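Step one of this worksheet: look at the structure below.
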Protein chains: 2
Amino acid sequence: MRIALRIGIRCVLFAALLTAFTAAAQTDPLPSWNDTATKKGIVTFVEKLTKQGSPDFVPPPERIATFDNDGTLWTEQPMYSQLFFALDRVKALAPKHPEWKSKEPFASLLKGDVKKALAGGEKAIAEIVMVTHAGMTTDQFEQIVKDWIATAKHPKFKRPYTECVYQPMLELLAYLRANDFKTFIVSGGGIEFMRPWTEKVYGIPPEQVVGSSIETKYEMRDGKPVLIRLPKIDFIDDKAGKPVGINSHIGRRPIAAFGNSDGDRQMLEWTQAGGGARLMMLVHHDDAEREFDYGAKSKIGTFSDALAAEAGKQGWVVISMKSDWKRIFPFE
Amino acid sequence: MRIALRIGIRCVLFAALLTAFTAAAQTDPLPSWNDTATKKGIVTFVEKLTKQGSPDFVPPPERIATFDNDGTLWTEQPMYSQLFFALDRVKALAPKHPEWKSKEPFASLLKGDVKKALAGGEKAIAEIVMVTHAGMTTDQFEQIVKDWIATAKHPKFKRPYTECVYQPMLELLAYLRANDFKTFIVSGGGIEFMRPWTEKVYGIPPEQVVGSSIETKYEMRDGKPVLIRLPKIDFIDDKAGKPVGINSHIGRRPIAAFGNSDGDRQMLEWTQAGGGARLMMLVHHDDAEREFDYGAKSKIGTFSDALAAEAGKQGWVVISMKSDWKRIFPFE
């Protein structure tokens, strides 16, 4: 055993050497972020939380970070991708529904007049969502989403939606996970619309996706159990629904939360109210050249003046896409 | 670098030697299970799933195992622990509710006549649950549960409920996790009643607990955001609700599921229907001496003759507490 012991000691020394060497050669975990106060704020936060003995130290199981999806992790303009999905589904289903030719909002939609179709407001959207998202099994819906996301392309960037994701946020997700954070999506989007691709695109598994949902019903069909998607809203994971969804699915309070619009305000409030070191951030879309510039002017992903004022008051960090991000998309 | 390389090679050899040595000395991961076909079935299942190149190999992210709680992980007789909790809460709250003295089911309860109180059936239970589980914030309820579970004792075993857990199942949970399974609770019990202690007792974090729930509402109280627990059922995670809860919270199908009663039947069906190698097991309470012997005779945790027949037909393994378990509780 004496030789084994000697080799063992050398191994420990060698490992120490290797660690030191690796640390020195360590690359920037957030290369697509400019060296601004925003980036520094993230790194400082993570370092103080993860440093043993630090007054802000948080044990790994409590390192929960939540991310909105639309406008925070991927682009949401000119329209939520899920709405593009619904419109494509209406077109695909139209041959089986001749009555849609004379029935709004479908008639306008099929004529390509999206604006007129959506003029019916929430009721019109709900009708479109229900015929496109309900009436099939969960397995069937998953396959429909997978097929669509594999082929559909963003109208401006001419690339699959799953490539229109923000490179700096992908790096942030990876950086947090490397520091033992568990990363969750908490989105107003459909939970079953996101789960088929979030693991591949963001490294976020289905069980860490929280979203809006419709009811499902368990039943036997031809001797096989299925979950049928019913045309009935179960839960809207937006605004005051976000803390409810977080509590229901995660059961603990995040210590970091990332959003981009008025729909995320309550998630940030809830995160901040937990006490201790917390990080709340809002992505601000102010880059017309590389992505979009909307903010308070948009009907979706609205970053209202009230939200901006609240961010200032509460110390929430506003990420400027224009000045904080060196690169927007992975394909650039 | 030549010396570093030589030491490096020695390190690899040393590590290999150490691994071989450790493997030889490896202890039985399921020491509280008798060497029966049941135990062998578990080990065979785990080995074929985790062996690279095996036709049954399942990648770690898909290794999802779900466990019922009452009667599967801890004792559920003579009454669900959550009902003991509710009764204790009624007593604690009684001074603030003088009207309960003449109002059922509270009047009987306060006189110690649980049987008469529960004679009102589901309506009586719902009334008791609502006054004891709703009307406070989620943080307050968490503290109430923590305080109760720290002091309350099981009437037969005279120990905290969290000690009346099944040692063989604790070993099974640890064994599965050591093989990269993610272990979830999927219980008819209240999700917020379980989360405050499942991490400590079972190693299952709050985000991996699925259960029944009441609605919560986000609001500001004295400038602080809170989630108020409302006296309204949100979801019953039992029977056909279990696959619904699994789909909602986990978003993928388990490859192993463990239950003990008719309430778990659909969870096992859903698990089995996923195709590929699956493991479905039911704990059978047939040990009057060391725990309880109930099965088809009990009002709670019923293991009906129909379930037994289905288990036989489907190849679900029935765990006999009497013959498969060497030890029942950690305190034995």
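All residue names refer to the structure tokens as shown: chains lettered A, B, ... in order, residues numbered from 1 in each chain, ligands numbered from 1 in order.
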
Compile the residues of chain A that lie within 8 Å of chain B, evaluated using only C-alpha atoms, and express the compilation as a CSV table (one decimal) with all heavy atoms, in the first residue's frame.
chain,number,residue,atom,x,y,z
A,4,ALA,N,1.0,2.7,-3.4
A,4,ALA,CA,-0.3,3.3,-3.7
A,4,ALA,C,-0.5,4.7,-3.0
A,4,ALA,O,-0.9,5.6,-3.6
A,4,ALA,CB,-1.4,2.3,-3.3
A,7,ILE,N,1.6,7.3,-4.8
A,7,ILE,CA,1.0,7.7,-6.1
A,7,ILE,C,-0.2,8.5,-5.8
A,7,ILE,O,-0.5,9.5,-6.4
A,7,ILE,CB,0.6,6.4,-6.9
A,7,ILE,CG1,1.9,5.6,-7.2
A,7,ILE,CG2,-0.1,6.9,-8.2
A,7,ILE,CD1,1.6,4.4,-8.1
A,8,GLY,N,-0.9,8.1,-4.7
A,8,GLY,CA,-2.1,8.8,-4.3
A,8,GLY,C,-1.8,10.3,-4.0
A,8,GLY,O,-2.5,11.2,-4.5
A,10,ARG,N,0.7,12.0,-5.0
A,10,ARG,CA,1.1,12.7,-6.3
A,10,ARG,C,-0.1,13.1,-7.1
A,10,ARG,O,-0.2,14.1,-7.7
A,10,ARG,CB,2.0,11.8,-7.1
A,10,ARG,CG,3.4,11.8,-6.6
A,10,ARG,CD,4.3,11.3,-7.7
A,10,ARG,NE,5.5,10.7,-7.1
A,10,ARG,CZ,6.4,10.0,-7.8
A,10,ARG,NH1,6.2,9.8,-9.0
A,10,ARG,NH2,7.5,9.6,-7.2
A,11,CYS,N,-1.1,12.2,-7.0
A,11,CYS,CA,-2.4,12.4,-7.8
A,11,CYS,C,-3.0,13.7,-7.2
A,11,CYS,O,-3.5,14.5,-8.0
A,11,CYS,CB,-3.3,11.3,-7.7
A,11,CYS,SG,-2.8,9.9,-8.7
A,14,PHE,N,-1.1,16.6,-8.4
A,14,PHE,CA,-1.3,16.8,-9.8
A,14,PHE,C,-2.7,17.5,-10.1
A,14,PHE,O,-2.8,18.4,-10.9
A,14,PHE,CB,-1.3,15.5,-10.5
A,14,PHE,CG,-1.4,15.5,-12.0
A,14,PHE,CD1,-0.4,16.0,-12.8
A,14,PHE,CD2,-2.6,15.1,-12.6
A,14,PHE,CE1,-0.6,16.1,-14.2
A,14,PHE,CE2,-2.8,15.1,-14.0
A,14,PHE,CZ,-1.7,15.7,-14.8
A,61,PRO,N,-29.4,23.7,-3.3
A,61,PRO,CA,-30.8,23.4,-3.6
A,61,PRO,C,-31.7,24.6,-3.7
A,61,PRO,O,-32.8,24.6,-4.3
A,61,PRO,CB,-31.2,22.5,-2.4
A,61,PRO,CG,-30.0,22.0,-1.9
A,61,PRO,CD,-28.9,23.0,-2.1
A,192,GLU,N,-47.2,23.2,-22.8
A,192,GLU,CA,-47.0,22.0,-23.8
A,192,GLU,C,-46.4,22.5,-25.1
A,192,GLU,O,-46.0,21.7,-25.9
A,192,GLU,CB,-48.3,21.3,-24.0
A,192,GLU,CG,-49.0,20.8,-22.7
A,192,GLU,CD,-48.4,19.6,-22.1
A,192,GLU,OE1,-47.3,19.2,-22.5
A,192,GLU,OE2,-49.1,19.0,-21.3
A,195,ARG,N,-42.4,22.7,-23.9
A,195,ARG,CA,-41.6,21.5,-23.5
A,195,ARG,C,-41.0,20.7,-24.5
A,195,ARG,O,-39.9,20.1,-24.3
A,195,ARG,CB,-42.6,20.7,-22.6
A,195,ARG,CG,-42.7,21.2,-21.2
A,195,ARG,CD,-43.8,20.5,-20.4
A,195,ARG,NE,-43.7,20.7,-19.0
A,195,ARG,CZ,-44.6,20.3,-18.1
A,195,ARG,NH1,-45.7,19.7,-18.6
A,195,ARG,NH2,-44.5,20.6,-16.9
A,205,PRO,N,-35.1,21.1,-18.9
A,205,PRO,CA,-36.0,19.9,-19.1
A,205,PRO,C,-37.4,20.2,-18.8
A,205,PRO,O,-37.8,21.2,-18.2
A,205,PRO,CB,-35.4,19.0,-18.0
A,205,PRO,CG,-34.9,19.8,-16.9
A,205,PRO,CD,-34.3,21.1,-17.6
A,206,PRO,N,-38.3,19.4,-19.4
A,206,PRO,CA,-39.8,19.7,-19.3
A,206,PRO,C,-40.3,20.0,-17.9
A,206,PRO,O,-41.1,20.8,-17.7
A,206,PRO,CB,-40.4,18.3,-19.8
A,206,PRO,CG,-39.3,17.7,-20.6
A,206,PRO,CD,-38.0,18.2,-20.1
A,207,GLU,N,-39.7,19.2,-16.9
A,207,GLU,CA,-40.2,19.4,-15.5
A,207,GLU,C,-39.7,20.8,-14.9
A,207,GLU,O,-40.2,21.1,-13.9
A,207,GLU,CB,-39.7,18.3,-14.6
A,207,GLU,CG,-38.2,18.1,-14.5
A,207,GLU,CD,-37.5,17.2,-15.5
A,207,GLU,OE1,-38.1,17.1,-16.6
A,207,GLU,OE2,-36.4,16.7,-15.2
A,208,GLN,N,-38.9,21.5,-15.7
A,208,GLN,CA,-38.6,22.9,-15.2
A,208,GLN,C,-39.2,24.0,-16.1
A,208,GLN,O,-38.7,25.1,-16.2
A,208,GLN,CB,-37.1,23.0,-15.1
A,208,GLN,CG,-36.5,22.2,-13.9
A,208,GLN,CD,-35.1,21.9,-13.9
A,208,GLN,OE1,-34.6,20.8,-13.5
A,208,GLN,NE2,-34.3,22.9,-14.2
A,216,THR,N,-56.6,18.8,-19.1
A,216,THR,CA,-56.4,17.5,-19.8
A,216,THR,C,-57.3,16.5,-19.0
A,216,THR,O,-57.5,16.6,-17.8
A,216,THR,CB,-55.0,17.0,-19.8
A,216,THR,OG1,-54.5,16.8,-18.5
A,216,THR,CG2,-54.1,18.0,-20.6
A,217,LYS,N,-57.7,15.5,-19.7
A,217,LYS,CA,-58.5,14.4,-19.1
A,217,LYS,C,-57.9,13.1,-19.4
A,217,LYS,O,-57.6,12.8,-20.6
A,217,LYS,CB,-59.9,14.6,-19.6
A,217,LYS,CG,-60.9,13.6,-19.0
A,217,LYS,CD,-62.3,13.9,-19.4
A,217,LYS,CE,-63.3,13.0,-18.8
A,217,LYS,NZ,-63.3,11.7,-19.4
A,218,TYR,N,-57.8,12.2,-18.4
A,218,TYR,CA,-57.3,10.9,-18.6
A,218,TYR,C,-58.4,10.0,-19.0
A,218,TYR,O,-59.5,9.9,-18.4
A,218,TYR,CB,-56.7,10.4,-17.2
A,218,TYR,CG,-56.1,9.1,-17.2
A,218,TYR,CD1,-54.8,8.9,-17.7
A,218,TYR,CD2,-56.8,8.0,-16.7
A,218,TYR,CE1,-54.2,7.7,-17.7
A,218,TYR,CE2,-56.2,6.7,-16.7
A,218,TYR,CZ,-54.9,6.6,-17.2
A,218,TYR,OH,-54.3,5.3,-17.2
A,219,GLU,N,-58.2,9.2,-20.1
A,219,GLU,CA,-59.2,8.2,-20.5
A,219,GLU,C,-58.5,7.1,-21.3
A,219,GLU,O,-57.4,7.2,-21.7
A,219,GLU,CB,-60.3,8.9,-21.2
A,219,GLU,CG,-60.0,9.5,-22.5
A,219,GLU,CD,-61.2,10.1,-23.2
A,219,GLU,OE1,-61.9,11.0,-22.6
A,219,GLU,OE2,-61.5,9.8,-24.4
A,224,LYS,N,-55.8,1.8,-24.5
A,224,LYS,CA,-54.6,2.5,-24.2
A,224,LYS,C,-54.9,3.8,-23.5
A,224,LYS,O,-55.8,4.6,-23.9
A,224,LYS,CB,-53.8,2.9,-25.4
A,224,LYS,CG,-52.7,1.8,-25.8
A,224,LYS,CD,-51.6,2.4,-26.7
A,224,LYS,CE,-50.6,3.1,-25.9
A,224,LYS,NZ,-49.3,3.3,-26.6
A,225,PRO,N,-54.2,4.1,-22.3
A,225,PRO,CA,-54.5,5.3,-21.6
A,225,PRO,C,-54.0,6.5,-22.4
A,225,PRO,O,-52.8,6.5,-22.9
A,225,PRO,CB,-53.8,5.2,-20.3
A,225,PRO,CG,-52.7,4.2,-20.5
A,225,PRO,CD,-53.2,3.3,-21.7
A,226,VAL,N,-54.8,7.6,-22.5
A,226,VAL,CA,-54.3,8.8,-23.1
A,226,VAL,C,-54.7,10.0,-22.2
A,226,VAL,O,-55.7,9.9,-21.4
A,226,VAL,CB,-54.9,9.0,-24.5
A,226,VAL,CG1,-54.3,8.0,-25.5
A,226,VAL,CG2,-56.4,8.9,-24.5
A,227,LEU,N,-54.1,11.1,-22.5
A,227,LEU,CA,-54.5,12.4,-21.9
A,227,LEU,C,-55.1,13.3,-23.0
A,227,LEU,O,-54.3,13.6,-23.9
A,227,LEU,CB,-53.4,13.1,-21.2
A,227,LEU,CG,-52.9,12.5,-19.8
A,227,LEU,CD1,-51.6,13.2,-19.4
A,227,LEU,CD2,-54.0,12.8,-18.8
A,240,ALA,N,-50.1,38.3,-12.3
A,240,ALA,CA,-50.2,37.8,-10.9
A,240,ALA,C,-50.2,36.3,-10.9
A,240,ALA,O,-50.1,35.6,-9.9
A,240,ALA,CB,-51.5,38.3,-10.3
A,241,GLY,N,-50.4,35.7,-12.1
A,241,GLY,CA,-50.4,34.2,-12.2
A,241,GLY,C,-48.9,33.7,-12.1
A,241,GLY,O,-48.8,32.5,-11.7
A,243,PRO,N,-46.3,34.3,-9.9
A,243,PRO,CA,-46.0,33.8,-8.6
A,243,PRO,C,-46.8,32.6,-8.2
A,243,PRO,O,-46.3,31.6,-7.5
A,243,PRO,CB,-46.3,35.0,-7.6
A,243,PRO,CG,-46.2,36.2,-8.5
A,243,PRO,CD,-46.7,35.7,-9.9
A,244,VAL,N,-48.1,32.5,-8.7
A,244,VAL,CA,-48.9,31.4,-8.4
A,244,VAL,C,-48.3,30.1,-9.1
A,244,VAL,O,-48.2,29.0,-8.5
A,244,VAL,CB,-50.4,31.6,-8.9
A,244,VAL,CG1,-51.2,30.3,-8.8
A,244,VAL,CG2,-51.0,32.7,-8.1
A,249,HIS,N,-45.5,25.0,-9.1
A,249,HIS,CA,-44.6,24.1,-9.8
A,249,HIS,C,-43.3,23.9,-9.1
A,249,HIS,O,-42.6,22.9,-9.1
A,249,HIS,CB,-44.3,24.5,-11.2
A,249,HIS,CG,-45.4,24.2,-12.2
A,249,HIS,ND1,-45.4,23.1,-13.0
A,249,HIS,CD2,-46.7,24.8,-12.3
A,249,HIS,CE1,-46.5,23.1,-13.7
A,249,HIS,NE2,-47.3,24.0,-13.3
A,250,ILE,N,-42.8,25.0,-8.5
A,250,ILE,CA,-41.4,24.9,-7.9
A,250,ILE,C,-41.5,24.8,-6.4
A,250,ILE,O,-40.7,24.1,-5.8
A,250,ILE,CB,-40.6,26.2,-8.3
A,250,ILE,CG1,-40.7,26.4,-9.8
A,250,ILE,CG2,-39.2,26.1,-7.8
A,250,ILE,CD1,-40.0,27.7,-10.3
A,251,GLY,N,-42.5,25.5,-5.8
A,251,GLY,CA,-42.6,25.3,-4.3
A,251,GLY,C,-41.5,26.0,-3.5
A,251,GLY,O,-41.5,25.8,-2.3
A,252,ARG,N,-40.7,26.8,-4.2
A,252,ARG,CA,-39.8,27.7,-3.4
A,252,ARG,C,-39.6,29.0,-4.2
A,252,ARG,O,-39.8,29.0,-5.4
A,252,ARG,CB,-38.5,27.1,-3.0
A,252,ARG,CG,-37.8,26.1,-3.8
A,252,ARG,CD,-36.5,25.7,-3.1
A,252,ARG,NE,-36.1,24.4,-3.5
A,252,ARG,CZ,-35.4,23.5,-2.8
A,252,ARG,NH1,-35.1,23.7,-1.6
A,252,ARG,NH2,-35.0,22.3,-3.3
A,269,GLU,N,-41.4,41.0,-8.3
A,269,GLU,CA,-41.8,41.4,-6.9
A,269,GLU,C,-41.7,40.3,-6.0
A,269,GLU,O,-41.1,40.4,-4.9
A,269,GLU,CB,-43.2,41.9,-6.9
A,269,GLU,CG,-43.5,43.2,-7.5
A,269,GLU,CD,-45.0,43.5,-7.6
A,269,GLU,OE1,-45.8,42.6,-7.3
A,269,GLU,OE2,-45.4,44.6,-8.0
A,270,TRP,N,-42.2,39.1,-6.4
A,270,TRP,CA,-42.2,37.9,-5.6
A,270,TRP,C,-40.8,37.4,-5.2
A,270,TRP,O,-40.5,37.0,-4.1
A,270,TRP,CB,-43.0,36.9,-6.3
A,270,TRP,CG,-43.2,35.5,-5.6
A,270,TRP,CD1,-42.7,34.3,-6.0
A,270,TRP,CD2,-43.9,35.3,-4.4
A,270,TRP,NE1,-43.1,33.3,-5.1
A,270,TRP,CE2,-43.8,33.9,-4.1
A,270,TRP,CE3,-44.6,36.1,-3.4
A,270,TRP,CZ2,-44.3,33.3,-3.0
A,270,TRP,CZ3,-45.1,35.5,-2.3
A,270,TRP,CH2,-45.0,34.1,-2.1
A,273,ALA,N,-39.1,39.9,-2.8
A,273,ALA,CA,-39.7,39.9,-1.4
A,273,ALA,C,-39.2,38.8,-0.5
A,273,ALA,O,-39.5,38.7,0.7
A,273,ALA,CB,-41.2,39.9,-1.5

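When DSSP reads the backbone of this structure, the residues of stretch 8-102 of chain B it assigns to strand (DSSP E) are Ile64, Ala65, Thr66 and Phe67 of chain B.
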
Keeping only all heavy atoms, take the residues you just selected and write them out as an mmCIF file, in the first residue's frame.
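Just written: out_34.cif:
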data_model
loop_
_atom_site.group_PDB
_atom_site.id
_atom_site.type_symbol
_atom_site.label_atom_id
_atom_site.label_comp_id
_atom_site.auth_asym_id
_atom_site.auth_seq_id
_atom_site.Cartn_x
_atom_site.Cartn_y
_atom_site.Cartn_z
ATOM 1 N N ILE B 64 -37.265 8.988 -14.911
ATOM 2 C CA ILE B 64 -38.224 9.594 -13.990
ATOM 3 C C ILE B 64 -38.921 8.480 -13.206
ATOM 4 O O ILE B 64 -39.466 7.544 -13.802
ATOM 5 C CB ILE B 64 -39.296 10.392 -14.772
ATOM 6 C CG1 ILE B 64 -38.656 11.473 -15.660
ATOM 7 C CG2 ILE B 64 -40.346 10.974 -13.837
ATOM 8 C CD1 ILE B 64 -38.079 12.653 -14.946
ATOM 9 N N ALA B 65 -38.891 8.588 -11.892
ATOM 10 C CA ALA B 65 -39.601 7.625 -11.039
ATOM 11 C C ALA B 65 -40.568 8.375 -10.144
ATOM 12 O O ALA B 65 -40.205 9.390 -9.547
ATOM 13 C CB ALA B 65 -38.616 6.830 -10.189
ATOM 14 N N THR B 66 -41.821 7.896 -10.085
ATOM 15 C CA THR B 66 -42.826 8.566 -9.262
ATOM 16 C C THR B 66 -43.275 7.663 -8.124
ATOM 17 O O THR B 66 -43.443 6.456 -8.300
ATOM 18 C CB THR B 66 -44.051 8.970 -10.108
ATOM 19 O OG1 THR B 66 -44.559 7.817 -10.782
ATOM 20 C CG2 THR B 66 -43.683 10.020 -11.140
ATOM 21 N N PHE B 67 -43.478 8.274 -6.967
ATOM 22 C CA PHE B 67 -43.870 7.554 -5.756
ATOM 23 C C PHE B 67 -45.106 8.198 -5.144
ATOM 24 O O PHE B 67 -45.112 9.398 -4.871
ATOM 25 C CB PHE B 67 -42.749 7.614 -4.704
ATOM 26 C CG PHE B 67 -41.527 6.840 -5.066
ATOM 27 C CD1 PHE B 67 -40.596 7.364 -5.960
ATOM 28 C CD2 PHE B 67 -41.304 5.575 -4.539
ATOM 29 C CE1 PHE B 67 -39.456 6.641 -6.307
ATOM 30 C CE2 PHE B 67 -40.176 4.852 -4.880
ATOM 31 C CZ PHE B 67 -39.242 5.373 -5.768
#

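The list of residues with at least one atom within 10 Å of B:Leu83, based on only C-alpha atoms and without residues fewer than 2 positions apart in the same chain, reads Met79, Tyr80, Ser81, Phe85, Ala86, Leu87, Asp88, Arg89, Ile125, Ile128, Val129 and Gly189 of chain B.
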
The selected residues should be written to file as a short mmCIF file (atom, residue, chain, number, x, y, z; two decimals), in the first residue's frame (atoms: C-alpha atoms).
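Generated output (selection.cif):
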data_model
loop_
_atom_site.label_atom_id
_atom_site.label_comp_id
_atom_site.auth_asym_id
_atom_site.auth_seq_id
_atom_site.Cartn_x
_atom_site.Cartn_y
_atom_site.Cartn_z
CA MET B 79 -55.74 7.68 9.30
CA TYR B 80 -53.88 9.91 6.83
CA SER B 81 -51.38 12.06 8.73
CA PHE B 85 -52.91 17.53 11.20
CA ALA B 86 -56.32 18.98 10.32
CA LEU B 87 -57.86 17.71 13.56
CA ASP B 88 -55.05 19.21 15.62
CA ARG B 89 -55.54 22.48 13.77
CA ILE B 125 -63.80 16.46 5.39
CA ILE B 128 -62.42 20.63 7.99
CA VAL B 129 -59.74 20.92 5.32
CA GLY B 189 -52.09 14.49 -0.21
#

Could you pull out the residues in stretch 44-124 of chain A that DSSP calls helix (DSSP H, G or I) from the backbone, as an NGL selection string?
:A and (44-50 or 60-62 or 81-96 or 98-102 or 106-110 or 114-124)

Got a sec: who's within 10 Å of B:Glu47, counting only C-alpha atoms, leaving out chain neighbours fewer than 5 positions off, as a PDB file with C-alpha atoms, in the first residue's frame?
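Result file follows (part.pdb):
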ATOM      1  CA  GLY B  41     -36.724  -7.385 -10.079  1.00  0.00           C
ATOM      2  CA  ILE B  42     -35.748  -3.885  -8.964  1.00  0.00           C
ATOM      3  CA  GLN B  52     -24.686   1.636 -21.944  1.00  0.00           C
ATOM      4  CA  SER B  54     -28.259  -2.291 -23.506  1.00  0.00           C
ATOM      5  CA  ASP B  56     -33.284  -1.043 -22.649  1.00  0.00           C
ATOM      6  CA  PHE B  57     -30.844   1.806 -21.973  1.00  0.00           C
ATOM      7  CA  ASN B 179     -28.464   5.625 -10.811  1.00  0.00           C
TER       8      ASN B 179
END

Excluding B:Thr50 and residues on its chain fewer than 4 positions from it, collect all residues at most 12 Å away from it, counting only C-alpha atoms, and give them as JSON, numbers by chain.
{"B": [43, 44, 45, 46, 54, 55, 56, 57, 58, 59, 60, 61, 62, 63, 176, 177, 178, 179, 180, 181, 277]}

For the selection you just gave me, I'd like the residues written to a file as a PDB file, in the first residue's frame, keeping C-alpha atoms.
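Once written, selection.pdb looks like this:
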ATOM      1  CA  VAL B  43     -32.012  -4.467  -9.383  1.00  0.00           C
ATOM      2  CA  THR B  44     -32.416  -6.163 -12.769  1.00  0.00           C
ATOM      3  CA  PHE B  45     -34.567  -3.288 -13.993  1.00  0.00           C
ATOM      4  CA  VAL B  46     -32.103  -0.622 -12.883  1.00  0.00           C
ATOM      5  CA  SER B  54     -28.259  -2.291 -23.506  1.00  0.00           C
ATOM      6  CA  PRO B  55     -31.410  -2.380 -25.690  1.00  0.00           C
ATOM      7  CA  ASP B  56     -33.284  -1.043 -22.649  1.00  0.00           C
ATOM      8  CA  PHE B  57     -30.844   1.806 -21.973  1.00  0.00           C
ATOM      9  CA  VAL B  58     -32.582   5.043 -20.974  1.00  0.00           C
ATOM     10  CA  PRO B  59     -30.642   8.352 -20.960  1.00  0.00           C
ATOM     11  CA  PRO B  60     -30.464   9.933 -17.475  1.00  0.00           C
ATOM     12  CA  PRO B  61     -32.812  12.881 -18.168  1.00  0.00           C
ATOM     13  CA  GLU B  62     -35.590  10.409 -18.951  1.00  0.00           C
ATOM     14  CA  ARG B  63     -35.122   8.372 -15.779  1.00  0.00           C
ATOM     15  CA  LEU B 176     -32.594   5.087  -7.956  1.00  0.00           C
ATOM     16  CA  ARG B 177     -31.033   8.524  -7.475  1.00  0.00           C
ATOM     17  CA  ALA B 178     -27.565   6.959  -7.363  1.00  0.00           C
ATOM     18  CA  ASN B 179     -28.464   5.625 -10.811  1.00  0.00           C
ATOM     19  CA  ASP B 180     -29.394   9.089 -12.089  1.00  0.00           C
ATOM     20  CA  PHE B 181     -33.134   8.777 -11.604  1.00  0.00           C
ATOM     21  CA  ALA B 277     -38.772  -1.230 -20.049  1.00  0.00           C
TER      22      ALA B 277
END

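Pairwise distance (atom CA of A:Asp113, atom CA of A:Thr75) equals 22.4 Å.
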
Closest of B:Asn34, B:Thr183, B:Asn69, B:Thr132 to B:Ile144, counting only C-alpha atoms, is B:Thr132

Tell me, in Å to one decimal, how far atom CA of B:Ala134 is from atom CA of B:Ile233.
10.1 Å

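The neighbours of A:Thr36 here are the residues that come within 7 Å of it, using only C-alpha atoms and leaving out any residue fewer than 3 positions away in the same chain; they are Lys39, Lys40 and Asp324 of chain A.
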
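Note that atom CA of B:Pro330 and atom CA of B:Cys164 are 7.8 Å apart.
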
List the spatial neighbours of stretch 103-112 of chain B as a count of residues only - criterion: any atom at most 9 Å away, only C-alpha atoms, same-chain residues fewer than 6 positions off excluded.
11
